[in-house]
Amino acid sequence: MTFKALLLASLLAVPGTGLAQTPPTAAATLPNAFAAPGSRPAAVPVSSPAAPAAETVVIDTQAEPTIRAIVAGAQAGAIDYTLFSDDLAAVLREQEAEAIPLLQGFGEIVSILPARQQNGANLLRVIFEHADTQWVIGFYDDGKIGVLQFRPTPITPAGVAPATDE
């Protein structure tokens with residue numbers, strides 16, 4: 001299924017995490033943060049998601065349950081803005097009319113595969129019934145979400161999605 005990328009929020013500076021202030025950018029134009037610098041990740045068929053690598057991938061323990069809560073809320077028709085920093089909540093409110101139907105169209109979450117943590121942000125591959133996506137989520141020290149973004153998992157010319165666990 002083809003769908004357009006949606007930028008849920010610009011990457012905002014998260015104090016103490018090393019995230020740099022980045023101007024708003026369309027999600028589809030972002031470099032593949034899931035690939036190691038200078039390397040090309042191995043390909044994995046989209047129809048059969050790869051099992052997590054034998055190595056333990058360290059991400060923030062609140063990343064997966066928070067993504068599940070965001071998706072569940074959006075699919076029920078209401079985003080819980082108390083999860084977000086005030087700045088990010090304001091940006092999301094502007095995009096809610098587009099984000100909710102998009103997330104509802106993805107179907108149920110099939111699996112969430114942690115990729116890695118980079119500059120204080122957590123990178124995850126979230127596979128839905130009808131979509132394969134990559135998510136970036138970062139938290140402030142108070143537990144509020146300061147960074148949230150998702151995009152379709154890029155598909156290579158061979159028709160397969162790159163692996164997110166390296």
# chains A, B, ... in the order shown; residues from 1 in each chain; ligands from 1
$ residues_around --residues "range 75-78 of chain A" --least-positions-apart "4" --cutoff "8 Å" --atoms "only C-alpha atoms" --output "JSON, numbers by chain"
{"A": [71, 100, 101, 103, 104]}
$ write_last_selection --atoms "N, CA and C atoms" --output "PDB file, in the first residue's frame"
ATOM      1  N   VAL A  71      -0.771   5.560  18.864  1.00  0.00           N
ATOM      2  CA  VAL A  71      -1.490   4.924  17.759  1.00  0.00           C
ATOM      3  C   VAL A  71      -2.905   4.535  18.203  1.00  0.00           C
ATOM      4  N   ILE A 100      -4.779  11.540  12.012  1.00  0.00           N
ATOM      5  CA  ILE A 100      -5.705  10.528  12.527  1.00  0.00           C
ATOM      6  C   ILE A 100      -6.183   9.574  11.428  1.00  0.00           C
ATOM      7  N   PRO A 101      -6.699  10.075  10.286  1.00  0.00           N
ATOM      8  CA  PRO A 101      -7.140   9.135   9.240  1.00  0.00           C
ATOM      9  C   PRO A 101      -5.985   8.292   8.680  1.00  0.00           C
ATOM     10  N   LEU A 103      -3.253   7.216  10.349  1.00  0.00           N
ATOM     11  CA  LEU A 103      -2.966   6.146  11.303  1.00  0.00           C
ATOM     12  C   LEU A 103      -4.106   5.132  11.368  1.00  0.00           C
ATOM     13  N   GLN A 104      -5.340   5.580  11.218  1.00  0.00           N
ATOM     14  CA  GLN A 104      -6.469   4.649  11.207  1.00  0.00           C
ATOM     15  C   GLN A 104      -6.380   3.707  10.013  1.00  0.00           C
TER      16      GLN A 104
END
$ residues_around --residues "Thr133 in chain A" --least-positions-apart "5" --cutoff "10 Å" --atoms "only C-alpha atoms" --output "list in words"
Ala5, Phe106, Ile112, Leu124, Arg125, Val126, Ile127, Phe128, Phe150, Arg151, Pro152, Thr153, Pro154 and Ala161 of chain A
$ residues_around --residues "Arg93 in chain A" --least-positions-apart "3" --cutoff "12 Å" --atoms "only C-alpha atoms" --output "MDAnalysis selection string"
chainID A and resid 8:9 74 78:82 84 86:90 96:100
